[in-house]
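The structure file work_5.txt is reproduced below (compact mmCIF, C-alpha atoms).
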```txt
# COMPACT_ATOMS: atom_id res chain seq x y z
CA MET A 15 -25.67 11.35 -14.58
CA SER A 16 -24.42 7.97 -13.46
CA LYS A 17 -26.72 4.98 -13.77
CA VAL A 18 -25.59 3.65 -10.37
CA SER A 19 -27.09 5.01 -7.18
CA ARG A 20 -23.84 5.22 -5.25
CA LEU A 21 -20.25 4.09 -5.05
CA LEU A 22 -19.20 1.15 -2.90
CA SER A 23 -18.20 2.09 0.63
CA PRO A 24 -14.66 1.25 1.82
CA LEU A 25 -16.04 -1.59 3.96
CA GLU A 26 -17.92 -3.06 0.99
CA SER A 27 -14.72 -2.89 -1.07
CA ILE A 28 -12.84 -4.78 1.65
CA GLN A 29 -15.60 -7.38 1.86
CA ASN A 30 -15.43 -8.00 -1.88
CA ALA A 31 -11.64 -8.38 -1.75
CA TRP A 32 -11.79 -10.69 1.27
CA GLY A 33 -14.43 -12.86 -0.38
CA LEU A 34 -12.25 -13.23 -3.48
CA LYS A 35 -9.33 -14.25 -1.26
CA LEU A 36 -11.42 -16.93 0.43
CA ARG A 37 -12.31 -18.29 -3.01
CA ASP A 38 -8.58 -18.38 -3.73
CA PHE A 39 -8.01 -20.35 -0.54
CA ARG A 40 -10.76 -22.82 -1.44
CA GLN A 41 -9.12 -23.65 -4.77
CA TRP A 42 -5.65 -23.70 -3.15
CA CYS A 43 -6.29 -26.03 -0.22
CA THR A 44 -6.19 -29.81 -0.53
CA PRO A 45 -8.85 -32.28 0.62
CA ALA A 46 -6.04 -34.53 1.93
CA GLY A 47 -8.15 -37.59 1.16
CA GLN A 48 -11.21 -36.32 3.02
CA LYS A 49 -14.41 -36.60 1.01
CA SER A 50 -16.22 -33.86 2.93
CA ILE A 51 -13.56 -31.26 2.04
CA ARG A 52 -13.59 -32.43 -1.58
CA ASP A 53 -17.36 -31.89 -1.64
CA TRP A 54 -16.89 -28.40 -0.17
CA LYS A 55 -14.26 -27.48 -2.77
CA THR A 56 -16.37 -28.54 -5.74
CA ARG A 57 -19.88 -27.36 -4.86
CA HIS A 58 -21.51 -24.07 -5.90
CA ILE A 59 -19.73 -21.15 -4.23
CA GLU A 60 -23.03 -19.82 -2.81
CA GLY A 61 -23.37 -22.94 -0.70
CA ALA A 62 -19.70 -23.19 0.28
CA ILE A 63 -18.79 -19.72 1.59
CA ILE A 64 -21.38 -17.54 3.33
CA VAL A 65 -20.94 -13.95 4.51
CA ALA A 66 -22.35 -13.11 7.93
CA LYS A 67 -22.87 -9.74 9.57
CA GLY A 68 -19.87 -8.13 11.25
CA SER A 69 -21.70 -8.29 14.57
CA MET A 70 -21.50 -12.10 14.42
CA VAL A 71 -17.73 -12.15 14.98
CA ASP A 72 -17.05 -14.48 17.95
CA ASP A 73 -20.62 -15.80 17.91
CA VAL A 74 -20.34 -19.22 16.27
CA GLU A 75 -23.89 -20.28 17.08
CA ARG A 76 -25.29 -17.18 15.34
CA MET A 77 -23.04 -17.89 12.36
CA LEU A 78 -24.43 -21.41 12.11
CA LYS A 79 -27.94 -20.03 12.33
CA ALA A 80 -27.09 -17.65 9.47
CA VAL A 81 -26.22 -20.69 7.36
CA GLN A 82 -29.61 -22.22 8.16
CA GLU A 83 -31.40 -19.01 7.22
CA ASN A 84 -29.37 -18.88 4.00
CA GLU A 85 -30.43 -22.48 3.14
CA ASN A 86 -27.03 -23.36 1.78
CA ALA A 87 -28.20 -26.80 0.66
CA GLU A 88 -30.50 -25.16 -1.86
CA ALA A 89 -27.74 -22.70 -2.81
CA MET A 90 -25.39 -25.53 -3.71
CA GLY A 91 -28.04 -27.16 -5.91
CA ASP A 92 -29.65 -29.70 -3.56
CA THR A 93 -33.41 -29.29 -4.06
CA THR A 94 -34.37 -32.36 -2.01
CA ASN A 95 -34.28 -30.44 1.28
CA SER A 96 -37.25 -28.49 2.53
CA GLY A 97 -37.22 -25.71 5.09
CA THR A 98 -34.02 -24.51 6.70
CA SER A 99 -31.03 -26.76 6.16
CA VAL A 100 -27.26 -26.86 6.57
CA TYR A 101 -25.11 -28.73 4.08
CA LEU A 102 -21.70 -29.43 5.63
CA PRO A 103 -18.89 -28.58 5.40
CA VAL A 104 -19.44 -24.85 5.07
CA MET A 105 -17.34 -21.75 5.72
CA VAL A 106 -18.84 -18.61 7.23
CA THR A 107 -16.96 -15.32 7.38
CA ALA A 108 -17.51 -12.00 9.12
CA ILE A 109 -15.59 -8.71 8.97
CA SER A 110 -15.62 -5.86 11.45
CA ALA A 111 -13.67 -2.61 11.39
CA ILE A 112 -11.12 -2.01 14.14
CA GLU A 113 -11.56 1.53 15.40
CA SER A 114 -7.94 2.02 16.44
CA PRO A 115 -5.63 2.39 13.41
CA PRO A 116 -2.61 0.12 12.91
CA GLU A 117 0.76 1.15 14.25
CA ARG A 118 2.68 3.67 12.18
CA GLU A 119 5.47 1.19 11.46
CA VAL A 120 2.87 -1.13 9.91
CA VAL A 121 0.95 1.37 7.73
CA VAL A 122 1.63 5.07 7.20
CA GLY A 123 -1.29 7.29 6.23
CA SER A 124 -1.09 10.71 4.59
CA PRO A 125 -3.69 13.12 6.06
CA THR A 126 -2.72 16.09 3.86
CA TRP A 127 -4.08 16.62 0.36
CA GLN A 128 -1.73 15.64 -2.45
CA ASN A 129 -2.20 16.59 -6.09
CA VAL A 130 -2.32 13.38 -8.09
CA VAL A 131 -3.63 11.84 -11.31
CA ILE A 132 -5.45 8.51 -10.86
CA PRO A 133 -3.97 6.12 -13.47
CA THR A 134 -7.37 4.59 -14.26
CA ASP A 135 -9.07 7.95 -14.89
CA PRO A 136 -9.54 8.13 -18.68
CA LEU A 137 -9.77 11.93 -18.45
CA GLN A 138 -6.44 12.13 -16.59
CA ARG A 139 -7.68 14.93 -14.33
CA VAL A 140 -5.52 16.42 -11.61
CA VAL A 141 -7.32 15.62 -8.35
CA GLN A 142 -6.50 15.68 -4.66
CA ALA A 143 -6.07 12.61 -2.47
CA ARG A 144 -5.25 11.72 1.09
CA THR A 145 -5.05 8.35 2.87
CA ALA A 146 -5.93 6.92 6.26
CA SER A 147 -4.34 3.80 7.73
CA VAL A 148 -7.07 1.29 8.61
CA SER A 149 -7.39 -2.24 9.92
CA TYR A 150 -10.13 -4.85 9.85
CA ARG A 151 -10.69 -7.97 11.90
CA CYS A 152 -11.58 -10.88 9.64
CA GLN A 153 -12.84 -14.18 10.99
CA ILE A 154 -13.76 -17.45 9.35
CA ALA A 155 -15.67 -20.28 10.96
CA PHE A 156 -15.53 -23.69 9.29
CA PHE A 157 -18.27 -26.17 10.15
CA ALA A 158 -17.70 -29.83 9.33
CA PRO A 159 -19.30 -33.19 10.17
CA ASP A 160 -16.04 -34.49 11.66
CA PRO A 161 -13.19 -32.91 13.66
CA HIS A 162 -10.51 -34.02 11.18
CA ALA A 163 -11.91 -31.93 8.33
CA ALA A 164 -12.31 -28.90 10.58
CA SER A 165 -8.75 -29.20 11.91
CA SER A 166 -7.31 -29.69 8.41
CA ILE A 167 -8.95 -26.53 7.07
CA ALA A 168 -7.77 -24.50 10.07
CA ASN A 169 -4.17 -25.64 9.61
CA GLN A 170 -4.22 -25.03 5.86
CA PHE A 171 -5.84 -21.62 6.28
CA VAL A 172 -3.02 -20.48 8.57
CA ASN A 173 -0.42 -21.92 6.19
CA PHE A 174 -2.08 -20.14 3.24
CA TRP A 175 -1.34 -16.73 4.78
CA LYS A 176 2.29 -17.64 5.47
CA HIS A 177 2.78 -17.79 1.69
CA GLU A 178 4.28 -14.40 0.96
CA ARG A 179 2.44 -13.91 -2.34
CA LYS A 180 -0.89 -14.86 -0.75
CA ARG A 181 -0.67 -12.38 2.12
CA GLY A 182 -1.40 -9.43 -0.14
CA ILE A 183 -5.05 -8.57 -0.79
CA ASP A 184 -5.94 -6.32 -3.72
CA VAL A 185 -8.75 -3.96 -2.77
CA PHE A 186 -10.47 -2.06 -5.58
CA TYR A 187 -11.86 1.24 -4.30
CA GLU A 188 -14.51 3.11 -6.26
CA LEU A 189 -13.29 6.72 -6.30
CA GLY A 190 -15.55 8.61 -8.70
CA PHE A 191 -16.87 8.85 -12.21
CA ALA A 192 -15.78 9.51 -15.76
CA GLY A 193 -19.14 10.15 -17.39
CA GLU A 194 -21.21 7.10 -16.47
CA SER A 195 -18.19 4.85 -15.87
CA ILE A 196 -16.96 4.19 -12.33
CA ILE A 197 -13.29 4.88 -11.70
CA LYS A 198 -11.66 2.15 -9.62
CA ASP A 199 -8.15 2.06 -8.22
CA LYS A 200 -6.28 -0.90 -6.74
CA TRP A 201 -4.77 -0.68 -3.26
CA ASN A 202 -2.86 -3.43 -1.52
CA PHE A 203 -3.75 -4.69 1.96
CA ARG A 204 -1.93 -7.35 3.93
CA VAL A 205 -2.71 -9.91 6.58
CA VAL A 206 -0.61 -9.32 9.69
CA GLU A 207 0.89 -12.77 10.16
CA ASN A 208 1.18 -12.67 13.94
CA THR A 209 -2.58 -12.01 14.22
CA LEU A 210 -3.61 -15.44 12.91
CA TYR A 211 -5.46 -17.20 15.73
CA PRO A 212 -6.97 -20.66 15.03
CA ASP A 213 -9.23 -22.13 17.71
CA LYS A 214 -11.87 -24.78 18.24
CA ALA A 215 -15.43 -23.60 18.79
CA GLU A 216 -18.48 -25.13 20.38
CA THR A 217 -21.66 -25.27 18.30
CA GLY A 218 -23.95 -26.91 20.84
CA ILE A 219 -24.52 -29.75 18.34
CA GLU A 220 -22.58 -33.00 18.84
CA THR A 221 -22.49 -33.84 15.13
CA VAL A 222 -21.19 -30.43 14.02
CA HIS A 223 -17.53 -29.59 14.63
CA ALA A 224 -16.24 -26.05 14.17
CA VAL A 225 -12.97 -24.14 14.09
CA THR A 226 -12.42 -20.42 13.83
CA VAL A 227 -9.44 -18.46 12.54
CA ASP A 228 -9.00 -14.75 13.22
CA CYS A 229 -6.66 -12.34 11.51
CA VAL A 230 -6.14 -8.60 11.09
CA VAL A 231 -5.96 -7.03 7.64
CA VAL A 232 -4.25 -3.63 7.33
CA GLY A 233 -3.75 -1.07 4.60
CA ALA A 234 -4.35 2.50 3.46
CA GLU A 235 -7.81 3.80 2.59
CA PRO A 236 -7.87 6.59 -0.03
CA ASN A 237 -10.05 9.70 0.01
CA VAL A 238 -10.13 11.30 -3.45
CA VAL A 239 -11.92 14.50 -4.49
CA GLY A 240 -12.23 15.85 -8.01
CA LEU A 241 -13.64 12.77 -9.75
CA ASP A 242 -17.30 13.84 -9.55
CA GLY A 243 -17.93 11.82 -6.40
CA TYR A 244 -21.14 12.37 -4.47
CA ASP A 245 -19.45 13.99 -1.48
CA ASP A 246 -16.92 16.18 -3.31
CA ASP A 247 -18.95 19.34 -2.71
CA ILE A 248 -18.91 19.02 1.11
CA THR A 249 -15.46 17.51 1.72
CA ASP A 250 -13.06 20.13 3.12
CA THR A 251 -14.78 22.95 1.20
CA GLY A 252 -15.83 24.90 4.28
CA GLU A 253 -18.98 24.66 6.35
CA PRO A 254 -22.09 24.38 4.16
CA ASP A 255 -24.35 27.41 3.93
CA GLY A 256 -27.09 27.36 6.55
CA SER A 257 -25.38 24.77 8.75
CA ILE A 258 -24.16 27.25 11.39
CA PRO A 259 -25.82 30.18 13.21
CA PRO A 260 -25.39 33.55 11.43
CA THR A 261 -23.49 34.90 14.43
CA LEU A 262 -20.61 32.46 13.96
CA PRO A 263 -17.87 32.91 11.37
CA PRO A 264 -17.65 29.89 9.06
CA VAL A 265 -14.72 27.49 9.10
CA GLY A 266 -13.06 27.45 5.69
CA GLY A 267 -11.86 24.47 3.70
CA HIS A 268 -8.35 23.64 2.56
CA ARG A 269 -8.88 22.07 -0.85
CA ASP A 270 -7.81 23.58 -4.13
CA PRO A 271 -10.74 24.39 -6.45
CA PRO A 272 -10.98 22.21 -9.58
CA GLU A 273 -10.30 25.15 -11.89
CA LYS A 274 -6.95 25.67 -10.16
CA LEU A 275 -6.02 21.99 -10.16
CA ASN A 276 -6.64 21.56 -13.86
CA SER A 277 -5.46 24.95 -15.08
CA PHE A 278 -2.41 25.13 -17.33
CA VAL A 279 -0.58 27.61 -19.50
CA ILE A 280 -1.92 27.74 -23.08
CA GLU A 281 0.66 30.24 -24.43
CA ALA A 282 4.20 31.09 -23.40
CA ASP A 283 7.12 33.00 -24.95
CA VAL A 284 10.79 32.22 -24.57
CA ILE A 285 12.69 35.43 -25.45
CA ASP A 286 16.24 35.52 -26.80
CA HIS A 287 17.28 39.20 -26.59
CA GLU A 288 20.71 38.69 -28.17
CA ALA A 289 19.26 37.08 -31.29
CA ASN A 290 16.40 39.58 -31.37
CA ARG A 291 13.83 36.78 -31.59
CA HIS A 292 11.61 34.64 -29.41
CA THR A 293 9.94 31.22 -29.45
CA ARG A 294 6.19 30.97 -28.82
CA VAL A 295 4.68 27.72 -27.49
CA THR A 296 0.89 27.24 -27.61
CA ALA A 297 -1.25 24.42 -26.26
CA ASN A 298 -4.80 23.52 -27.26
CA PRO A 299 -6.76 22.72 -24.05
CA THR A 300 -9.29 20.62 -25.98
CA THR A 301 -7.05 18.45 -28.15
CA GLY A 302 -3.87 18.62 -26.06
CA GLU A 303 -1.90 19.56 -29.19
CA VAL A 304 1.26 21.62 -28.56
CA ASN A 305 2.78 23.86 -31.24
CA GLN A 306 6.02 25.84 -31.35
CA SER A 307 6.92 28.74 -33.62
CA ASP A 308 9.95 31.02 -33.93
CA ILE A 309 9.22 34.74 -34.25
CA LYS A 310 11.65 37.46 -35.38
CA ASP A 311 11.28 40.58 -33.29
CA ASP A 312 10.89 43.91 -35.11
CA THR A 313 12.59 45.97 -32.40
CA PRO A 314 16.27 45.66 -31.61
```

Structure rendered as structure tokens:
Amino acid sequence: MSKVSRLLSPLESIQNAWGLKLRDFRQWCTPAGQKSIRDWKTRHIEGAIIVAKGSMVDDVERMLKAVQENENAEAMGDTTNSGTSVYLPVMVTAISAIESPPEREVVVGSPTWQNVVIPTDPLQRVVQARTASVSYRCQIAFFAPDPHAASSIANQFVNFWKHERKRGIDVFYELGFAGESIIKDKWNFRVVENTLYPDKAETGIETVHAVTVDCVVVGAEPNVVGLDGYDDDITDTGEPDGSIPPTLPPVGGHRDPPEKLNSFVIEADVIDHEANRHTRVTANPTTGEVNQSDIKDDTP
């Protein structure tokens, strides 16, 4: 039994990948001679980049309040502040799923089950997988004590995503288990360049200047069964017993059972009638060892 309570959801996996990309941007961007940006680049990450709820997208004032509630001054190591505080500059980010999938020419999903072997599965089991094309709206809000710092970060953030190697985002999905170890697989998402929208934002505070940048991240989300995941038993295996009235016929599933997926021939004969002999090949299902022997037939 696994020691973890559950696997990360697809949204949580995206959030982790997006957060790592924002850290990459922070180390990549330049202060351009501005002390406030230099301070932001070098402080503790907990006080520099803060994750807000997805519902806060387009609500800059709520984002700023989230920073106060997070007490980012304390997070970056300043213990001289008491109560709620905001240590500027600070970046706040929020992610929300877009219900409509991306266009087919952008990402192509595969809704039918495919028999595959996940490269990171140490047991190398044959499992079934399908993919759905998904998109997420990602927004950052950068709060600074002066408009120059805010504008500089907005311009550099847009330029960062124009770098071809930076536009890819590696998302590590948790697909199942091998004993107590979690099996993860890397999938690549991309920022759609023409969805980058920088804009100024009003905070309601004269001394706090803010900019926002929106973008859309697209990619394929995998569904994998056969790796001892929590939902394997009720994913396309037919309607669960007791979930429908007895008068209704159940709807069946379309998955292959595990014993079929991972079955293989353990003994086979290749017969040569003219030579009056045959070759027998045997495989050990436990060790994976394959042996071959030539046998002379007694009958002509």

Atom CA of A:Glu216 to atom CA of A:Gln41, distance in Å rounded to a single decimal: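 Answer for the atom CA of A:Glu216 to atom CA of A:Gln41 separation: 26.9 Å.
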
Could you tell me which of A:Lys198, A:Phe39, A:Asp213, A:Glu281 comes closest to A:Asn298 if we count only C-alpha atoms? A:Glu281

Distance in Å - atom CA of A:Met105 versus atom CA of A:Arg151: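 Distance reported for this atom pair: 16.5 Å.
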
Padding 8 Å on every side, please: axis-aligned box over the listed atoms of stretch 110-113 of chain A, centre and edge lengths to one decimal in Å, as AutoDock Vina command-line options.
```
--center_x -13.4 --center_y -2.2 --center_z 13.4 --size_x 20.5 --size_y 23.4 --size_z 20.0
```

To one decimal place, how far is atom CA of A:Asn237 from atom CA of A:Glu113 in Å?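 For atom CA of A:Asn237 relative to atom CA of A:Glu113, the distance reads 17.5 Å.
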
Of the listed residues A:Thr296, A:Asn30, A:Ser149, A:Gln142, that which approaches A:Lys274 most closely, counting all atoms listed in the file: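 Under the stated criterion, the closest residue is A:Gln142.
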
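By chain and then residue number, the residues within 8 Å of A:Ala62 are Trp54, Lys55, Arg57, His58, Ile59, Glu60, Ile64, Asn86, Met90, Pro103, Val104 and Met105 of chain A, counting all atoms listed in the file and disregarding those fewer than 2 positions away in sequence.
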
Expected file contents, prior selection, C-alpha atoms, as a tab-separated table (two decimals), in the frame of the given file:
```tsv
chain	number	residue	atom	x	y	z
A	54	TRP	CA	-16.89	-28.40	-0.17
A	55	LYS	CA	-14.26	-27.48	-2.77
A	57	ARG	CA	-19.88	-27.36	-4.86
A	58	HIS	CA	-21.51	-24.07	-5.90
A	59	ILE	CA	-19.73	-21.15	-4.23
A	60	GLU	CA	-23.03	-19.82	-2.81
A	64	ILE	CA	-21.38	-17.54	3.33
A	86	ASN	CA	-27.03	-23.36	1.78
A	90	MET	CA	-25.39	-25.53	-3.71
A	103	PRO	CA	-18.89	-28.58	5.40
A	104	VAL	CA	-19.44	-24.85	5.07
A	105	MET	CA	-17.34	-21.75	5.72
```

Considering all atoms listed in the file, state which residue in the set A:Gly233, A:Pro212, A:Gly190, A:Gly252 is at the smallest distance from A:Leu21.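 Distance minimum relative to A:Leu21 lands on A:Gly190.
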
Spatial neighbours of A:Asp246, 12 Å, all atoms listed in the file, chain gap at least 3 places, as a count of residues only: 22

Counting all atoms listed in the file, give me one row per residue of stretch 19-65 of chain A with an atom at most 10 Å from an atom of stretch 161-165 of chain A, showing the shortest contact pair and its distance in Å to one decimal, sorted by chain then residue number, as JSON lines.
```
{"residue": "A:Pro45", "atom": "CA", "partner": "A:Ala163", "partner_atom": "CA", "distance": 8.3}
{"residue": "A:Ala46", "atom": "CA", "partner": "A:Ala163", "partner_atom": "CA", "distance": 9.1}
{"residue": "A:Gly47", "atom": "CA", "partner": "A:Ala163", "partner_atom": "CA", "distance": 9.9}
{"residue": "A:Gln48", "atom": "CA", "partner": "A:Ala163", "partner_atom": "CA", "distance": 6.9}
{"residue": "A:Lys49", "atom": "CA", "partner": "A:Ala163", "partner_atom": "CA", "distance": 9.0}
{"residue": "A:Ser50", "atom": "CA", "partner": "A:Ala163", "partner_atom": "CA", "distance": 7.2}
{"residue": "A:Ile51", "atom": "CA", "partner": "A:Ala163", "partner_atom": "CA", "distance": 6.5}
```

Looking at A:Thr44, A:Ser69, A:Thr261, A:Thr107, which one is nearest to A:Trp32, with distances taken over all atoms listed in the file? A:Thr107

Got a sec: who's within 9 Å of A:Ser23, counting only C-alpha atoms, leaving out chain neighbours fewer than 3 positions off, as number ranges by chain? A: 20, 26-28, 187-188

Quick one: everything within 6 Å of A:Ala224, counting only C-alpha atoms, minus sequence neighbours fewer than 5 positions away in the same chain. Send it as a ChimeraX atom specification. /A:156-157,215

Among the residues A:Pro133, A:Pro259, A:Pro236, A:Pro159, the one that comes closest to A:Thr217 [using only C-alpha atoms]: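 Of the candidates, the smallest distance to A:Thr217 is held by A:Pro159.
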
Which one is closest to A:Asn169: A:Asp184, A:Gln82, A:Ile112, A:Val227? Count all atoms listed in the file.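 Answer, going by the shortest atom-to-atom distance: A:Val227.
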